[in-house]
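File shown: query-v9.cif (mmCIF, C-alpha atoms; chains and numbers go by the auth columns).
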```cif
data_run
#
loop_
_atom_site.group_PDB
_atom_site.id
_atom_site.type_symbol
_atom_site.label_atom_id
_atom_site.label_comp_id
_atom_site.label_asym_id
_atom_site.label_seq_id
_atom_site.Cartn_x
_atom_site.Cartn_y
_atom_site.Cartn_z
_atom_site.B_iso_or_equiv
_atom_site.auth_seq_id
_atom_site.auth_asym_id
ATOM 1 C CA CYS A 1 -11.613 -13.902 1.152 0.00 24 A
ATOM 2 C CA ILE A 2 -12.487 -10.792 -0.825 0.00 25 A
ATOM 3 C CA ARG A 3 -16.006 -12.005 -1.580 0.00 26 A
ATOM 4 C CA ASP A 4 -16.732 -12.385 2.135 0.00 27 A
ATOM 5 C CA SER A 5 -15.474 -8.847 2.693 0.00 28 A
ATOM 6 C CA ILE A 6 -17.689 -7.531 -0.083 0.00 29 A
ATOM 7 C CA GLU A 7 -20.726 -9.351 1.293 0.00 30 A
ATOM 8 C CA THR A 8 -20.059 -7.894 4.742 0.00 31 A
ATOM 9 C CA VAL A 9 -19.960 -4.377 3.302 0.00 32 A
ATOM 10 C CA LEU A 10 -23.200 -4.961 1.402 0.00 33 A
ATOM 11 C CA LYS A 11 -24.999 -6.294 4.492 0.00 34 A
ATOM 12 C CA THR A 12 -23.776 -3.803 7.095 0.00 35 A
ATOM 13 C CA GLY A 13 -24.075 -0.564 5.163 0.00 36 A
ATOM 14 C CA ILE A 14 -20.499 0.573 5.827 0.00 37 A
ATOM 15 C CA ARG A 15 -18.295 2.175 3.181 0.00 38 A
ATOM 16 C CA ALA A 16 -15.179 0.451 1.885 0.00 39 A
ATOM 17 C CA ALA A 17 -12.562 0.402 -0.828 0.00 40 A
ATOM 18 C CA ILE A 18 -11.554 -3.242 -1.261 0.00 41 A
ATOM 19 C CA ALA A 19 -8.465 -4.236 -3.253 0.00 42 A
ATOM 20 C CA ARG A 20 -8.246 -7.554 -5.078 0.00 43 A
ATOM 21 C CA HIS A 21 -4.890 -9.263 -4.343 0.00 44 A
ATOM 22 C CA ILE A 22 -2.692 -9.466 -7.483 0.00 45 A
ATOM 23 C CA VAL A 23 0.536 -11.464 -7.911 0.00 46 A
ATOM 24 C CA ASP A 24 2.292 -13.297 -10.709 0.00 47 A
ATOM 25 C CA VAL A 25 5.860 -14.007 -9.514 0.00 48 A
ATOM 26 C CA PRO A 26 6.783 -16.457 -6.705 0.00 49 A
ATOM 27 C CA ALA A 27 10.012 -14.434 -6.301 0.00 50 A
ATOM 28 C CA PRO A 28 12.446 -17.297 -5.662 0.00 51 A
ATOM 29 C CA GLU A 29 15.327 -14.884 -6.289 0.00 52 A
ATOM 30 C CA ARG A 30 14.640 -13.395 -2.865 0.00 53 A
ATOM 31 C CA ALA A 31 15.136 -16.656 -1.012 0.00 54 A
ATOM 32 C CA GLY A 32 17.749 -16.336 1.713 0.00 55 A
ATOM 33 C CA MET A 33 16.946 -12.697 2.497 0.00 56 A
ATOM 34 C CA GLU A 34 15.463 -13.567 5.872 0.00 57 A
ATOM 35 C CA LYS A 35 13.718 -10.285 6.580 0.00 58 A
ATOM 36 C CA ALA A 36 12.699 -9.583 3.003 0.00 59 A
ATOM 37 C CA TYR A 37 9.072 -9.777 2.060 0.00 60 A
ATOM 38 C CA LEU A 38 7.457 -12.980 3.363 0.00 61 A
ATOM 39 C CA GLY A 39 10.876 -14.393 4.184 0.00 62 A
ATOM 40 C CA GLY A 40 12.099 -14.152 0.600 0.00 63 A
ATOM 41 C CA TYR A 41 9.298 -15.954 -1.174 0.00 64 A
ATOM 42 C CA LEU A 42 5.569 -15.890 -1.669 0.00 65 A
ATOM 43 C CA HIS A 43 3.792 -18.614 0.268 0.00 66 A
ATOM 44 C CA GLN A 44 2.255 -21.213 -2.018 0.00 67 A
ATOM 45 C CA GLY A 45 -1.206 -20.449 -0.665 0.00 68 A
ATOM 46 C CA LEU A 46 -0.887 -16.876 -1.937 0.00 69 A
ATOM 47 C CA GLN A 47 0.445 -17.690 -5.403 0.00 70 A
ATOM 48 C CA GLU A 48 -1.940 -17.164 -8.321 0.00 71 A
ATOM 49 C CA ASP A 49 -1.832 -16.703 -12.055 0.00 72 A
ATOM 50 C CA GLY A 50 -1.408 -13.026 -12.851 0.00 73 A
ATOM 51 C CA GLU A 51 -3.889 -12.959 -15.727 0.00 74 A
ATOM 52 C CA TYR A 52 -6.518 -14.659 -13.593 0.00 75 A
ATOM 53 C CA CYS A 53 -5.945 -12.128 -10.804 0.00 76 A
ATOM 54 C CA LEU A 54 -6.421 -9.226 -13.183 0.00 77 A
ATOM 55 C CA LYS A 55 -9.502 -10.691 -14.883 0.00 78 A
ATOM 56 C CA ASP A 56 -11.097 -11.448 -11.518 0.00 79 A
ATOM 57 C CA ALA A 57 -10.357 -7.918 -10.298 0.00 80 A
ATOM 58 C CA LEU A 58 -12.026 -6.488 -13.411 0.00 81 A
ATOM 59 C CA ARG A 59 -15.022 -8.780 -12.945 0.00 82 A
ATOM 60 C CA LEU A 60 -15.440 -7.589 -9.350 0.00 83 A
ATOM 61 C CA TYR A 61 -15.005 -3.995 -10.494 0.00 84 A
ATOM 62 C CA LYS A 62 -17.786 -4.304 -13.090 0.00 85 A
ATOM 63 C CA LYS A 63 -20.117 -6.013 -10.627 0.00 86 A
ATOM 64 C CA TYR A 64 -19.624 -3.975 -7.458 0.00 87 A
ATOM 65 C CA HIS A 65 -17.691 -0.759 -8.055 0.00 88 A
ATOM 66 C CA GLY A 66 -19.735 2.267 -7.047 0.00 89 A
ATOM 67 C CA TYR A 67 -22.498 0.244 -5.391 0.00 90 A
ATOM 68 C CA GLU A 68 -24.742 2.717 -3.558 0.00 91 A
ATOM 69 C CA ASP A 69 -21.811 5.116 -3.697 0.00 92 A
ATOM 70 C CA ARG A 70 -20.185 3.281 -0.757 0.00 93 A
ATOM 71 C CA LEU A 71 -18.234 0.355 -2.237 0.00 94 A
ATOM 72 C CA TRP A 72 -15.212 0.751 -4.471 0.00 95 A
ATOM 73 C CA ILE A 73 -13.112 -2.021 -5.996 0.00 96 A
ATOM 74 C CA TRP A 74 -9.381 -1.388 -6.183 0.00 97 A
ATOM 75 C CA PHE A 75 -6.423 -3.324 -7.546 0.00 98 A
ATOM 76 C CA GLY A 76 -3.983 -4.760 -4.994 0.00 99 A
ATOM 77 C CA PRO A 77 -0.607 -5.836 -6.410 0.00 100 A
ATOM 78 C CA ARG A 78 1.057 -7.257 -3.325 0.00 101 A
ATOM 79 C CA ALA A 79 4.663 -6.040 -3.401 0.00 102 A
ATOM 80 C CA LEU A 80 7.655 -5.516 -5.640 0.00 103 A
ATOM 81 C CA GLY A 81 9.305 -8.859 -6.304 0.00 104 A
ATOM 82 C CA VAL A 82 6.045 -10.802 -6.475 0.00 105 A
ATOM 83 C CA VAL A 83 4.481 -8.729 -9.272 0.00 106 A
ATOM 84 C CA SER A 84 6.217 -8.442 -12.631 0.00 107 A
ATOM 85 C CA SER A 85 7.035 -5.051 -14.145 0.00 108 A
ATOM 86 C CA GLU A 86 4.620 -5.710 -17.010 0.00 109 A
ATOM 87 C CA LEU A 87 1.672 -6.567 -14.768 0.00 110 A
ATOM 88 C CA LEU A 88 2.375 -3.698 -12.375 0.00 111 A
ATOM 89 C CA SER A 89 2.398 -1.209 -15.257 0.00 112 A
ATOM 90 C CA ARG A 90 -0.909 -2.593 -16.539 0.00 113 A
ATOM 91 C CA VAL A 91 -2.490 -2.335 -13.101 0.00 114 A
ATOM 92 C CA ALA A 92 -1.449 1.304 -12.705 0.00 115 A
ATOM 93 C CA GLN A 93 -2.736 2.168 -16.178 0.00 116 A
ATOM 94 C CA LEU A 94 -6.036 0.347 -15.636 0.00 117 A
ATOM 95 C CA ALA A 95 -6.623 2.062 -12.309 0.00 118 A
ATOM 96 C CA SER A 96 -6.096 5.418 -13.983 0.00 119 A
ATOM 97 C CA GLU A 97 -8.406 4.584 -16.899 0.00 120 A
ATOM 98 C CA LEU A 98 -11.144 3.224 -14.628 0.00 121 A
ATOM 99 C CA LYS A 99 -10.763 6.077 -12.138 0.00 122 A
ATOM 100 C CA THR A 100 -10.190 3.738 -9.221 0.00 123 A
ATOM 101 C CA GLY A 101 -7.327 3.144 -6.818 0.00 124 A
ATOM 102 C CA TRP A 102 -4.554 0.617 -6.386 0.00 125 A
ATOM 103 C CA ASN A 103 -2.291 -0.098 -3.445 0.00 126 A
ATOM 104 C CA ILE A 104 0.996 -1.913 -2.920 0.00 127 A
ATOM 105 C CA HIS A 105 3.340 -2.583 -0.007 0.00 128 A
ATOM 106 C CA MET A 106 6.307 -0.285 -0.563 0.00 129 A
ATOM 107 C CA SER A 107 9.661 0.044 1.228 0.00 130 A
ATOM 108 C CA GLU A 108 8.358 -1.559 4.397 0.00 131 A
ATOM 109 C CA VAL A 109 11.756 -2.925 5.452 0.00 132 A
ATOM 110 C CA ILE A 110 15.246 -1.919 4.370 0.00 133 A
ATOM 111 C CA GLU A 111 15.633 -5.264 2.599 0.00 134 A
ATOM 112 C CA ASP A 112 12.897 -4.169 0.179 0.00 135 A
ATOM 113 C CA VAL A 113 15.125 -1.281 -0.885 0.00 136 A
ATOM 114 C CA GLU A 114 18.191 -3.510 -1.130 0.00 137 A
ATOM 115 C CA TYR A 115 16.249 -5.949 -3.287 0.00 138 A
ATOM 116 C CA THR A 116 15.121 -3.392 -5.888 0.00 139 A
ATOM 117 C CA ILE A 117 18.573 -1.820 -6.056 0.00 140 A
ATOM 118 C CA SER A 118 20.216 -5.215 -6.613 0.00 141 A
ATOM 119 C CA ARG A 119 17.625 -6.394 -9.150 0.00 142 A
ATOM 120 C CA PHE A 120 16.668 -3.206 -10.993 0.00 143 A
ATOM 121 C CA GLY A 121 19.474 -0.785 -10.158 0.00 144 A
ATOM 122 C CA LYS A 122 16.988 1.664 -8.655 0.00 145 A
ATOM 123 C CA ARG A 123 15.293 2.428 -5.368 0.00 146 A
ATOM 124 C CA PRO A 124 11.628 1.315 -5.158 0.00 147 A
ATOM 125 C CA ILE A 125 9.922 4.624 -5.995 0.00 148 A
ATOM 126 C CA GLU A 126 12.407 5.309 -8.787 0.00 149 A
ATOM 127 C CA TYR A 127 11.588 1.872 -10.189 0.00 150 A
ATOM 128 C CA LEU A 128 7.842 2.595 -10.106 0.00 151 A
ATOM 129 C CA LYS A 129 8.398 5.836 -11.989 0.00 152 A
ATOM 130 C CA ASP A 130 10.645 4.093 -14.516 0.00 153 A
ATOM 131 C CA ILE A 131 7.922 1.580 -15.450 0.00 154 A
ATOM 132 C CA ASN A 132 5.203 4.264 -15.541 0.00 155 A
ATOM 133 C CA ALA A 133 3.470 2.864 -12.455 0.00 156 A
ATOM 134 C CA LEU A 134 3.649 5.913 -10.203 0.00 157 A
ATOM 135 C CA ASN A 135 0.434 7.923 -10.424 0.00 158 A
ATOM 136 C CA ARG A 136 -2.143 9.746 -8.335 0.00 159 A
ATOM 137 C CA ASN A 137 -4.286 6.595 -8.088 0.00 160 A
ATOM 138 C CA ALA A 138 -1.582 4.802 -6.096 0.00 161 A
ATOM 139 C CA VAL A 139 -1.587 4.297 -2.338 0.00 162 A
ATOM 140 C CA LEU A 140 1.874 3.162 -1.252 0.00 163 A
ATOM 141 C CA VAL A 141 1.596 1.172 1.950 0.00 164 A
ATOM 142 C CA HIS A 142 4.279 1.873 4.596 0.00 165 A
ATOM 143 C CA GLY A 143 6.956 3.953 2.835 0.00 166 A
ATOM 144 C CA VAL A 144 9.225 3.521 5.839 0.00 167 A
ATOM 145 C CA HIS A 145 12.508 3.740 3.936 0.00 168 A
ATOM 146 C CA LEU A 146 12.006 6.546 1.419 0.00 169 A
ATOM 147 C CA ASP A 147 14.820 8.981 0.735 0.00 170 A
ATOM 148 C CA GLU A 148 14.511 12.676 -0.156 0.00 171 A
ATOM 149 C CA ASN A 149 14.299 12.064 -3.906 0.00 172 A
ATOM 150 C CA GLU A 150 11.630 9.375 -3.491 0.00 173 A
ATOM 151 C CA ILE A 151 9.508 11.640 -1.308 0.00 174 A
ATOM 152 C CA ASN A 152 9.732 14.280 -4.012 0.00 175 A
ATOM 153 C CA LEU A 153 8.733 11.772 -6.704 0.00 176 A
ATOM 154 C CA VAL A 154 5.702 10.673 -4.688 0.00 177 A
ATOM 155 C CA LYS A 155 4.673 14.304 -4.252 0.00 178 A
ATOM 156 C CA LYS A 156 5.050 15.125 -7.961 0.00 179 A
ATOM 157 C CA ALA A 157 3.033 12.054 -8.958 0.00 180 A
ATOM 158 C CA GLY A 158 0.244 12.904 -6.526 0.00 181 A
ATOM 159 C CA ALA A 159 0.428 9.419 -5.001 0.00 182 A
ATOM 160 C CA SER A 160 -0.412 8.774 -1.351 0.00 183 A
ATOM 161 C CA ILE A 161 1.341 7.010 1.523 0.00 184 A
ATOM 162 C CA ALA A 162 -0.540 4.767 3.985 0.00 185 A
ATOM 163 C CA HIS A 163 1.273 4.899 7.325 0.00 186 A
ATOM 164 C CA ASN A 164 0.905 1.859 9.620 0.00 187 A
ATOM 165 C CA PRO A 165 2.681 2.755 12.872 0.00 188 A
ATOM 166 C CA SER A 166 1.697 -0.210 15.070 0.00 189 A
ATOM 167 C CA SER A 167 2.652 -2.702 12.367 0.00 190 A
ATOM 168 C CA ASN A 168 5.984 -0.977 11.796 0.00 191 A
ATOM 169 C CA MET A 169 6.719 -1.186 15.517 0.00 192 A
ATOM 170 C CA LYS A 170 5.629 -4.792 15.948 0.00 193 A
ATOM 171 C CA LEU A 171 7.717 -5.957 12.984 0.00 194 A
ATOM 172 C CA SER A 172 10.608 -3.584 13.813 0.00 195 A
ATOM 173 C CA SER A 173 10.428 -2.219 10.276 0.00 196 A
ATOM 174 C CA GLY A 174 11.534 1.287 11.210 0.00 197 A
ATOM 175 C CA VAL A 175 9.872 4.683 11.545 0.00 198 A
ATOM 176 C CA ALA A 176 8.454 6.258 8.393 0.00 199 A
ATOM 177 C CA PRO A 177 9.391 9.931 7.882 0.00 200 A
ATOM 178 C CA VAL A 178 5.742 10.958 8.090 0.00 201 A
ATOM 179 C CA ALA A 179 6.227 14.457 9.478 0.00 202 A
ATOM 180 C CA LYS A 180 8.739 15.207 6.721 0.00 203 A
ATOM 181 C CA MET A 181 6.447 13.813 4.018 0.00 204 A
ATOM 182 C CA ILE A 182 3.559 15.968 5.201 0.00 205 A
ATOM 183 C CA ARG A 183 5.776 19.081 5.323 0.00 206 A
ATOM 184 C CA GLU A 184 6.882 18.297 1.761 0.00 207 A
ATOM 185 C CA GLY A 185 3.255 18.141 0.585 0.00 208 A
ATOM 186 C CA VAL A 186 2.729 14.373 0.339 0.00 209 A
ATOM 187 C CA ASN A 187 -0.738 13.071 1.172 0.00 210 A
ATOM 188 C CA VAL A 188 -0.331 10.642 4.084 0.00 211 A
ATOM 189 C CA SER A 189 -3.178 8.460 5.314 0.00 212 A
ATOM 190 C CA LEU A 190 -3.318 6.100 8.272 0.00 213 A
ATOM 191 C CA GLY A 191 -3.840 2.342 8.448 0.00 214 A
ATOM 192 C CA SER A 192 -3.419 -0.694 10.649 0.00 215 A
ATOM 193 C CA ASP A 193 -1.977 -3.243 8.183 0.00 216 A
ATOM 194 C CA GLY A 194 -3.210 -6.831 8.486 0.00 217 A
ATOM 195 C CA GLY A 195 -4.158 -8.509 11.749 0.00 218 A
ATOM 196 C CA PRO A 196 -1.032 -10.715 11.982 0.00 219 A
ATOM 197 C CA SER A 197 1.121 -7.581 11.669 0.00 220 A
ATOM 198 C CA ASN A 198 -0.741 -5.651 14.341 0.00 221 A
ATOM 199 C CA ASN A 199 -3.079 -7.845 16.457 0.00 222 A
ATOM 200 C CA MET A 200 -5.930 -5.329 16.226 0.00 223 A
ATOM 201 C CA TYR A 201 -7.774 -2.906 13.974 0.00 224 A
ATOM 202 C CA ASN A 202 -8.051 0.230 16.101 0.00 225 A
ATOM 203 C CA MET A 203 -7.799 3.533 14.277 0.00 226 A
ATOM 204 C CA PHE A 204 -7.751 5.537 17.508 0.00 227 A
ATOM 205 C CA GLN A 205 -4.691 3.600 18.635 0.00 228 A
ATOM 206 C CA GLU A 206 -3.032 4.178 15.254 0.00 229 A
ATOM 207 C CA MET A 207 -3.643 7.920 15.590 0.00 230 A
ATOM 208 C CA ARG A 208 -1.943 7.938 18.980 0.00 231 A
ATOM 209 C CA GLN A 209 0.960 5.769 17.857 0.00 232 A
ATOM 210 C CA ALA A 210 1.539 7.883 14.754 0.00 233 A
ATOM 211 C CA ALA A 211 1.830 11.068 16.798 0.00 234 A
ATOM 212 C CA LEU A 212 4.099 9.525 19.430 0.00 235 A
ATOM 213 C CA LEU A 213 6.394 7.855 16.898 0.00 236 A
ATOM 214 C CA GLN A 214 7.005 11.099 15.040 0.00 237 A
ATOM 215 C CA ALA A 215 7.665 12.914 18.309 0.00 238 A
ATOM 216 C CA VAL A 216 10.346 10.353 19.188 0.00 239 A
ATOM 217 C CA ALA A 217 11.846 10.246 15.688 0.00 240 A
ATOM 218 C CA THR A 218 12.107 14.024 15.304 0.00 241 A
ATOM 219 C CA LYS A 219 12.602 14.898 18.995 0.00 242 A
ATOM 220 C CA LYS A 220 9.754 17.372 18.576 0.00 243 A
ATOM 221 C CA PRO A 221 6.602 16.724 20.637 0.00 244 A
ATOM 222 C CA ASP A 222 4.462 18.585 18.096 0.00 245 A
ATOM 223 C CA ALA A 223 5.941 16.924 14.997 0.00 246 A
ATOM 224 C CA LEU A 224 2.388 15.854 14.112 0.00 247 A
ATOM 225 C CA THR A 225 -0.442 18.077 15.302 0.00 248 A
ATOM 226 C CA PRO A 226 -3.784 16.624 16.420 0.00 249 A
ATOM 227 C CA ARG A 227 -5.420 18.129 13.333 0.00 250 A
ATOM 228 C CA GLU A 228 -2.874 16.457 11.031 0.00 251 A
ATOM 229 C CA VAL A 229 -3.346 13.087 12.698 0.00 252 A
ATOM 230 C CA LEU A 230 -7.122 13.383 12.423 0.00 253 A
ATOM 231 C CA ARG A 231 -6.824 14.230 8.747 0.00 254 A
ATOM 232 C CA MET A 232 -4.574 11.203 8.228 0.00 255 A
ATOM 233 C CA ALA A 233 -7.225 8.945 9.765 0.00 256 A
ATOM 234 C CA THR A 234 -10.130 10.466 7.830 0.00 257 A
ATOM 235 C CA ILE A 235 -10.135 12.649 4.727 0.00 258 A
ATOM 236 C CA ASN A 236 -6.545 11.891 3.650 0.00 259 A
#
```

Translate the structure described by the file into structure tokens.
Amino acid sequence: CIRDSIETVLKTGIRAAIARHIVDVPAPERAGMEKAYLGGYLHQGLQEDGEYCLKDALRLYKKYHGYEDRLWIWFGPRALGVVSSELLSRVAQLASELKTGWNIHMSEVIEDVEYTISRFGKRPIEYLKDINALNRNAVLVHGVHLDENEINLVKKAGASIAHNPSSNMKLSSGVAPVAKMIREGVNVSLGSDGGPSNNMYNMFQEMRQAALLQAVATKKPDALTPREVLRMATIN
């Protein structure tokens, strides 16, 4: 749990930004969409009251944020469809006010895009902008299925993308247009996603996979330079 993660950071001396999981909608309307997020519903073990999630996140923020300038508490709304528009807007606003970050799984599979279009009449990034939840504090995890307009919106907002190449391959999610995003001026970082989606936490492997995937996708062996990949894994 998050408290175990925090305790590990405190004991080992490493640096970390840890996001408190936030949900408030079981998302039964997604049932039947087999490849949609978590099979179309949020597992009962992950369901929580939204207000409790937010209050607990704020409590952790007040207690640990900024500890020895190496621990930062973020907000972690899980994904569109399991977080209401109202709560998502509040999270984005709070993160901005408190000068901290927030992250959310975004456009990981094509069914995520189909879901937001069918439910909200907009693509995922357009929906975030519409509810005033797209800001520079946001880290959008995956971003595999972003179109040209969405990439531009992310750039204008100053938000970041967290690319998870091994996870995207294992789950056959697709190939994120990372090289294009970087050329367009979007800040792209690198991650591993969770253990079940990857089987390991190896940033050196992610660096290699990111470079190779973009080479295949663009048919250009230098689509991502070594310097760009290193930046993705570090200062980005």

- Task: Run through the PyMOL selection byres ((chain A and resi 158-161) around 8) on the given coordinates and return the selected residues as an MDAnalysis selection string.
- Result: chainID A and resid 115 118:119 122:127 155:157 162:163 180:183

Evaluate the PyMOL selection byres ((chain A and resi 99) around 8) against this structure - the residues, as a compact mmCIF listing (two decimals) with C-alpha atoms, in the frame of the given file, please.
```
# COMPACT_ATOMS: atom_id res chain seq x y z
CA ALA A 42 -8.46 -4.24 -3.25
CA ARG A 43 -8.25 -7.55 -5.08
CA HIS A 44 -4.89 -9.26 -4.34
CA ILE A 45 -2.69 -9.47 -7.48
CA TRP A 97 -9.38 -1.39 -6.18
CA PHE A 98 -6.42 -3.32 -7.55
CA PRO A 100 -0.61 -5.84 -6.41
CA ARG A 101 1.06 -7.26 -3.32
CA TRP A 125 -4.55 0.62 -6.39
CA ASN A 126 -2.29 -0.10 -3.44
CA ILE A 127 1.00 -1.91 -2.92
```

Quick one: apply the PyMOL selection byres ((chain A and resi 106) around 10) to the file and drop the selected residues here as a PDB file with C-alpha atoms, in the coordinates of the input.
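The resulting selection-v5.pdb:
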```pdb
ATOM      1  CA  ILE A  45      -2.692  -9.466  -7.483  1.00  0.00           C
ATOM      2  CA  VAL A  46       0.536 -11.464  -7.911  1.00  0.00           C
ATOM      3  CA  ASP A  47       2.292 -13.297 -10.709  1.00  0.00           C
ATOM      4  CA  VAL A  48       5.860 -14.007  -9.514  1.00  0.00           C
ATOM      5  CA  PRO A  49       6.783 -16.457  -6.705  1.00  0.00           C
ATOM      6  CA  ALA A  50      10.012 -14.434  -6.301  1.00  0.00           C
ATOM      7  CA  GLY A  73      -1.408 -13.026 -12.851  1.00  0.00           C
ATOM      8  CA  PRO A 100      -0.607  -5.836  -6.410  1.00  0.00           C
ATOM      9  CA  ARG A 101       1.057  -7.257  -3.325  1.00  0.00           C
ATOM     10  CA  ALA A 102       4.663  -6.040  -3.401  1.00  0.00           C
ATOM     11  CA  LEU A 103       7.655  -5.516  -5.640  1.00  0.00           C
ATOM     12  CA  GLY A 104       9.305  -8.859  -6.304  1.00  0.00           C
ATOM     13  CA  VAL A 105       6.045 -10.802  -6.475  1.00  0.00           C
ATOM     14  CA  SER A 107       6.217  -8.442 -12.631  1.00  0.00           C
ATOM     15  CA  SER A 108       7.035  -5.051 -14.145  1.00  0.00           C
ATOM     16  CA  GLU A 109       4.620  -5.710 -17.010  1.00  0.00           C
ATOM     17  CA  LEU A 110       1.672  -6.567 -14.768  1.00  0.00           C
ATOM     18  CA  LEU A 111       2.375  -3.698 -12.375  1.00  0.00           C
ATOM     19  CA  SER A 112       2.398  -1.209 -15.257  1.00  0.00           C
ATOM     20  CA  ILE A 127       0.996  -1.913  -2.920  1.00  0.00           C
TER      21      ILE A 127
END
```

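If only C-alpha atoms are the atoms counted, then among A:Val114, A:Val201, A:Ala233, A:Ile29 the closest residue to Ile96 (chain A) is A:Ile29.
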
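Comparing the minimum interatomic distances between Glu131 (chain A) and each of A:Met223, A:Leu77, A:Val252, A:Leu169, counting all atoms listed in the file, we find that A:Leu169 sits nearest.
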
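Minimum atom-to-atom distance to Val177 (chain A), evaluated using all atoms listed in the file, belongs to A:Ile148 out of A:Leu117, A:Ala246, A:Ile148, A:Ile140.
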
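Note that CA of Ala40 (chain A) and CA of Ser28 (chain A) are 10.3 Å apart.
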
- Counting only C-alpha atoms, what is within 12 Å of Thr241 (chain A), bar same-chain residues fewer than 4 positions away, as an MDAnalysis selection string? chainID A and resid 198:203 234:237 245:247

If you take every atom of region 88-98 of chain A that the file lists and fit an axis-aligned box around them with 5 Å extra on each side, what centre and edge lengths come out in Å to one decimal, as JSON?
```
{"center_x": -15.6, "center_y": 0.9, "center_z": -4.4, "size_x": 28.3, "size_y": 18.4, "size_z": 17.3}
```

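You will find CA of Arg231 (chain A) at 11.5 Å from CA of Met255 (chain A).
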
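Each of A:Asn221, A:Leu121, A:Asn210, A:His168 was compared to Gly197 (chain A) using all atoms listed in the file, and A:His168 turns out to be the nearest.
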
- Query: Can you list, as a ChimeraX atom specification, every protein, DNA or RNA residue that comes within 10 Å of Leu94 (chain A) when you count all atoms listed in the file, leaving out same-chain residues fewer than 4 positions away?
  - Reply: /A:29,32-33,36-41,84,87-90

Mind dumping the selected residues with C-alpha atoms as a compact mmCIF listing (two decimals), in the frame of the given file?
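Saved the output as again.txt:
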```txt
# COMPACT_ATOMS: atom_id res chain seq x y z
CA ILE A 29 -17.69 -7.53 -0.08
CA VAL A 32 -19.96 -4.38 3.30
CA LEU A 33 -23.20 -4.96 1.40
CA GLY A 36 -24.08 -0.56 5.16
CA ILE A 37 -20.50 0.57 5.83
CA ARG A 38 -18.30 2.17 3.18
CA ALA A 39 -15.18 0.45 1.88
CA ALA A 40 -12.56 0.40 -0.83
CA ILE A 41 -11.55 -3.24 -1.26
CA TYR A 84 -15.00 -4.00 -10.49
CA TYR A 87 -19.62 -3.98 -7.46
CA HIS A 88 -17.69 -0.76 -8.06
CA GLY A 89 -19.74 2.27 -7.05
CA TYR A 90 -22.50 0.24 -5.39
```

- Note on the structure: CA of Val211 (chain A) sits from CA of Ser190 (chain A) at a separation of 16.0 Å

- Closest of A:Lys242, A:Ala256, A:Lys85, A:Glu251 to Leu213 (chain A) - atom-to-atom distances counting only C-alpha atoms: A:Ala256

- Message: Here is a test: counting only C-alpha atoms, which residue of A:Thr139, A:Thr35, A:Thr248, A:Ser189 is nearest to Gln228 (chain A)?
- Response: A:Ser189
